[in-house]
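What follows is a single structure, written as structure tokens, with notes after it.
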Amino acid sequence: MKQLTLNCAGQIISLEQPILMGILNVTPDSFYSKSRTSNSTDLLAQTEKMITEGATILDIGGMSSKPGADEVSIQEELDRVLPAVEIIHTNFPETILSIDTYRAEVAEQAIQHGVSMINDISGSESDHEILAIAAQYNTPYICMHMQGLPKTMQQNPNYEDVTLELIQYFSSKLAVFEQYKIHDIILDVGFGFGKSLEHNYQLLNQLHTFSIFEKPLLIGLSRKSMICKPLHCSPEHALNGTTALHMIALQQGANILRVHDVKEASECITLHQQIVQNNRSDMKK
């Protein structure tokens, strides 16, 4: 049976219906400029807006993972994320915070400042110690698939069968997570992370196949190039395309949408739930 709850530092999140993760970037170079927050006033305003519009989780990132992005030092990442975590946790103590990092040291210090979820784009490939941190603090762990590193991942992504290879990848990862006794695992196929346009759309079309793992699925495709390229638009003009693909992801079994635009994604979930409820009513007749 598919896991439909997450324990975040004692707060239980229900996934009976899909939920939203709002993106908060405390970086100067994230691919979507409007997601960047450069001071505490903007950060708190954006936090309040996302909570009011329906975000269950806020994901705080201090290092851009866009294609071609350079790494920053651990200290610089800490200097960006810890003040953000602290001010949000102080002003919105009931809000569930996630740290978008692949470094164990950053994850641990963020948890000590109020974070209760780890979002690791490297699936522990960059720093295996991050699994020990997730286990030690009993923290839900988002395992994303990425071929290569952000600096080079889009230069020549190559798969014989991207869906099959990701199924094999998650199978091996889940065996490792079981050894660490990490209980709450969320899977993320990693749209745009070492994948071509064709790879991304194959994964979206076959997303339902990942239900074999009976783990929650997080989907992060908000305003990404897989939307911008076919529509010949910039991220700033990719909201309509994002909403269209969000509906497909929900129909394919997505449990968490990681988004820049919470209000629009919340409306998408509401309409999807109307379809689900109607289908249930028809089945009872």
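Chain lettering (A, B, ...) mirrors the order of the structure tokens, residue numbering begins at 1 for each chain separately, and ligand numbering begins at 1 in order of display.
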
Mind checking which residues fall within 12 Å of A:Asn240, counting only C-alpha atoms, ignoring those fewer than 4 positions away in the same chain, and posting them as a ChimeraX atom specification? /A:222-224,227-228,231,233-236,244-247,261,264-265,268

For the interface of stretch 173-245 of chain A with stretch 54-66 of chain A (cut-off 12 Å, counting only C-alpha atoms), please tabulate each contacting residue of stretch 173-245 of chain A alongside its nearest pair of atoms and their separation in Å to one decimal, rows sorted by chain and increasing number, as JSON lines.
{"residue": "A:Gly190", "atom": "CA", "partner": "A:Ser65", "partner_atom": "CA", "distance": 11.4}
{"residue": "A:Phe191", "atom": "CA", "partner": "A:Lys66", "partner_atom": "CA", "distance": 11.5}
{"residue": "A:Gly192", "atom": "CA", "partner": "A:Lys66", "partner_atom": "CA", "distance": 8.8}
{"residue": "A:Phe193", "atom": "CA", "partner": "A:Lys66", "partner_atom": "CA", "distance": 8.4}
{"residue": "A:Gly194", "atom": "CA", "partner": "A:Lys66", "partner_atom": "CA", "distance": 10.7}
{"residue": "A:Leu218", "atom": "CA", "partner": "A:Ile57", "partner_atom": "CA", "distance": 11.9}
{"residue": "A:Gly220", "atom": "CA", "partner": "A:Asp59", "partner_atom": "CA", "distance": 11.5}
{"residue": "A:Arg223", "atom": "CA", "partner": "A:Lys66", "partner_atom": "CA", "distance": 11.9}
{"residue": "A:Lys224", "atom": "CA", "partner": "A:Lys66", "partner_atom": "CA", "distance": 9.5}
{"residue": "A:Ser225", "atom": "CA", "partner": "A:Lys66", "partner_atom": "CA", "distance": 10.1}

Could you save the residues just selected, with N, CA and C atoms, as an mmCIF file, in the first residue's frame?
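New file again36.cif:
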data_model
loop_
_atom_site.group_PDB
_atom_site.id
_atom_site.type_symbol
_atom_site.label_atom_id
_atom_site.label_comp_id
_atom_site.auth_asym_id
_atom_site.auth_seq_id
_atom_site.Cartn_x
_atom_site.Cartn_y
_atom_site.Cartn_z
ATOM 1 N N GLY A 190 13.374 13.931 -11.218
ATOM 2 C CA GLY A 190 14.369 14.927 -11.603
ATOM 3 C C GLY A 190 14.202 15.481 -13.003
ATOM 4 N N PHE A 191 13.037 16.037 -13.288
ATOM 5 C CA PHE A 191 12.827 16.658 -14.597
ATOM 6 C C PHE A 191 13.885 17.739 -14.835
ATOM 7 N N GLY A 192 14.561 17.660 -15.991
ATOM 8 C CA GLY A 192 15.540 18.663 -16.358
ATOM 9 C C GLY A 192 16.928 18.455 -15.801
ATOM 10 N N PHE A 193 17.106 17.433 -14.983
ATOM 11 C CA PHE A 193 18.412 17.184 -14.384
ATOM 12 C C PHE A 193 19.098 16.039 -15.117
ATOM 13 N N GLY A 194 19.863 16.397 -16.152
ATOM 14 C CA GLY A 194 20.518 15.366 -16.947
ATOM 15 C C GLY A 194 19.536 14.605 -17.811
ATOM 16 N N LEU A 218 7.270 13.287 -5.714
ATOM 17 C CA LEU A 218 7.366 14.742 -5.807
ATOM 18 C C LEU A 218 7.708 15.106 -7.244
ATOM 19 N N GLY A 220 8.846 18.239 -9.782
ATOM 20 C CA GLY A 220 9.365 19.588 -9.904
ATOM 21 C C GLY A 220 9.566 19.949 -11.364
ATOM 22 N N ARG A 223 8.011 25.942 -14.523
ATOM 23 C CA ARG A 223 8.671 26.932 -15.382
ATOM 24 C C ARG A 223 9.992 26.445 -15.973
ATOM 25 N N LYS A 224 10.190 25.138 -16.063
ATOM 26 C CA LYS A 224 11.457 24.600 -16.546
ATOM 27 C C LYS A 224 11.547 24.625 -18.076
ATOM 28 N N SER A 225 12.754 24.316 -18.559
ATOM 29 C CA SER A 225 13.010 24.403 -20.002
ATOM 30 C C SER A 225 12.185 23.399 -20.794
#

If you run DSSP over the backbone, which residues in stretch 76-136 of chain A end up strand (DSSP E)? Put them as a list in words.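 Taking stretch 76-136 of chain A and keeping strand (DSSP E) only, one gets Ile96, Leu97, Ser98, Ile99, Asp100, Ile118, Asn119 and Asp120 of chain A.
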
Considering only C-alpha atoms, return as a list in words whatever protein or nucleic-acid residues lie within 10 Å of A:Gln202, sequence-local ones (same chain, fewer than 6 positions apart) excluded. Asp161, Val162, Thr163 and Ser196 of chain A

Which residues of stretch 181-216 of chain A come within 6 Å of stretch 123-142 of chain A, and what is each one's closest atom pair and distance in Å (one decimal), counting only C-alpha atoms, sorted by chain and residue number, as a tab-separated table?
residue	atom	partner	partner_atom	distance
A:Ile182	CA	A:Ala135	CA	5.1
A:Asp184	CA	A:Pro140	CA	4.7
A:Ile185	CA	A:Tyr141	CA	5.1
A:Ile186	CA	A:Ile142	CA	4.6
A:Leu187	CA	A:Ile142	CA	5.8

Can you list, as a PyMOL selection string, all residues belonging to stretch 71-125 of chain A that DSSP tags as helix (DSSP H, G or I)? chain A and resi 74-91+104-112

Taking 6 positions as the minimum chain separation for residues in the same chain, which residues sit within 8 Å of A:Ser122 when counting only C-alpha atoms? Answer as a PyMOL selection string. chain A and resi 102+143-146

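The residue set within 10 Å of stretch 109-114 of chain A, counting only C-alpha atoms and dropping same-chain residues fewer than 4 places from it, reads A:Ala9, A:Ile60, A:Leu78, A:Val81, A:Leu82, A:Pro83, A:Ala84, A:Val85, A:Glu86, A:Ile87, A:Ile88, A:His89, A:Thr90, A:Pro93, A:Thr95, A:Ile96, A:Leu97, A:Ser98, A:Ile99, A:Asp100, A:Thr101, A:Ala104, A:Glu105, A:Ile118, A:Ile133, A:Ala134, A:Tyr137, A:Thr139.
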
Only C-alpha atoms, please: the residues just picked out, written as a PDB file, in the first residue's frame.
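Wrote it out as again.pdb, contents follow:
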ATOM      1  CA  ALA A   9       9.436  16.523  13.452  1.00  0.00           C
ATOM      2  CA  ILE A  60      14.671  26.712   0.989  1.00  0.00           C
ATOM      3  CA  LEU A  78      25.189  28.081   5.159  1.00  0.00           C
ATOM      4  CA  VAL A  81      20.164  29.418   4.147  1.00  0.00           C
ATOM      5  CA  LEU A  82      20.533  29.509   7.933  1.00  0.00           C
ATOM      6  CA  PRO A  83      19.343  33.115   8.415  1.00  0.00           C
ATOM      7  CA  ALA A  84      16.424  32.377   6.080  1.00  0.00           C
ATOM      8  CA  VAL A  85      15.479  29.208   7.954  1.00  0.00           C
ATOM      9  CA  GLU A  86      15.743  30.952  11.297  1.00  0.00           C
ATOM     10  CA  ILE A  87      13.626  33.966  10.393  1.00  0.00           C
ATOM     11  CA  ILE A  88      10.901  31.855   8.753  1.00  0.00           C
ATOM     12  CA  HIS A  89      10.843  29.338  11.606  1.00  0.00           C
ATOM     13  CA  THR A  90      10.623  32.175  14.146  1.00  0.00           C
ATOM     14  CA  PRO A  93       6.781  28.150  13.572  1.00  0.00           C
ATOM     15  CA  THR A  95       5.232  25.818   8.769  1.00  0.00           C
ATOM     16  CA  ILE A  96       7.110  22.745   7.578  1.00  0.00           C
ATOM     17  CA  LEU A  97      10.456  23.677   6.105  1.00  0.00           C
ATOM     18  CA  SER A  98      12.600  21.653   3.705  1.00  0.00           C
ATOM     19  CA  ILE A  99      16.268  22.257   2.951  1.00  0.00           C
ATOM     20  CA  ASP A 100      17.290  21.954  -0.693  1.00  0.00           C
ATOM     21  CA  THR A 101      20.881  20.722  -0.355  1.00  0.00           C
ATOM     22  CA  ALA A 104      25.288  16.699   5.060  1.00  0.00           C
ATOM     23  CA  GLU A 105      26.687  19.626   7.040  1.00  0.00           C
ATOM     24  CA  ILE A 118      15.776  17.122   3.296  1.00  0.00           C
ATOM     25  CA  ILE A 133      21.752  12.825   9.074  1.00  0.00           C
ATOM     26  CA  ALA A 134      18.293  11.910   7.755  1.00  0.00           C
ATOM     27  CA  TYR A 137      16.986  13.159  12.973  1.00  0.00           C
ATOM     28  CA  THR A 139      13.764  13.382   8.744  1.00  0.00           C
TER      29      THR A 139
END

Using atom CA of A:Ile167 and atom CA of A:Gln179 as the two end points, give the distance in Å to one decimal.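 It comes out at 18.9 Å.
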
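Closest to A:Gly253 among A:Ile51, A:His208, A:Phe213, A:Ile219 is A:His208, based on only C-alpha atoms.
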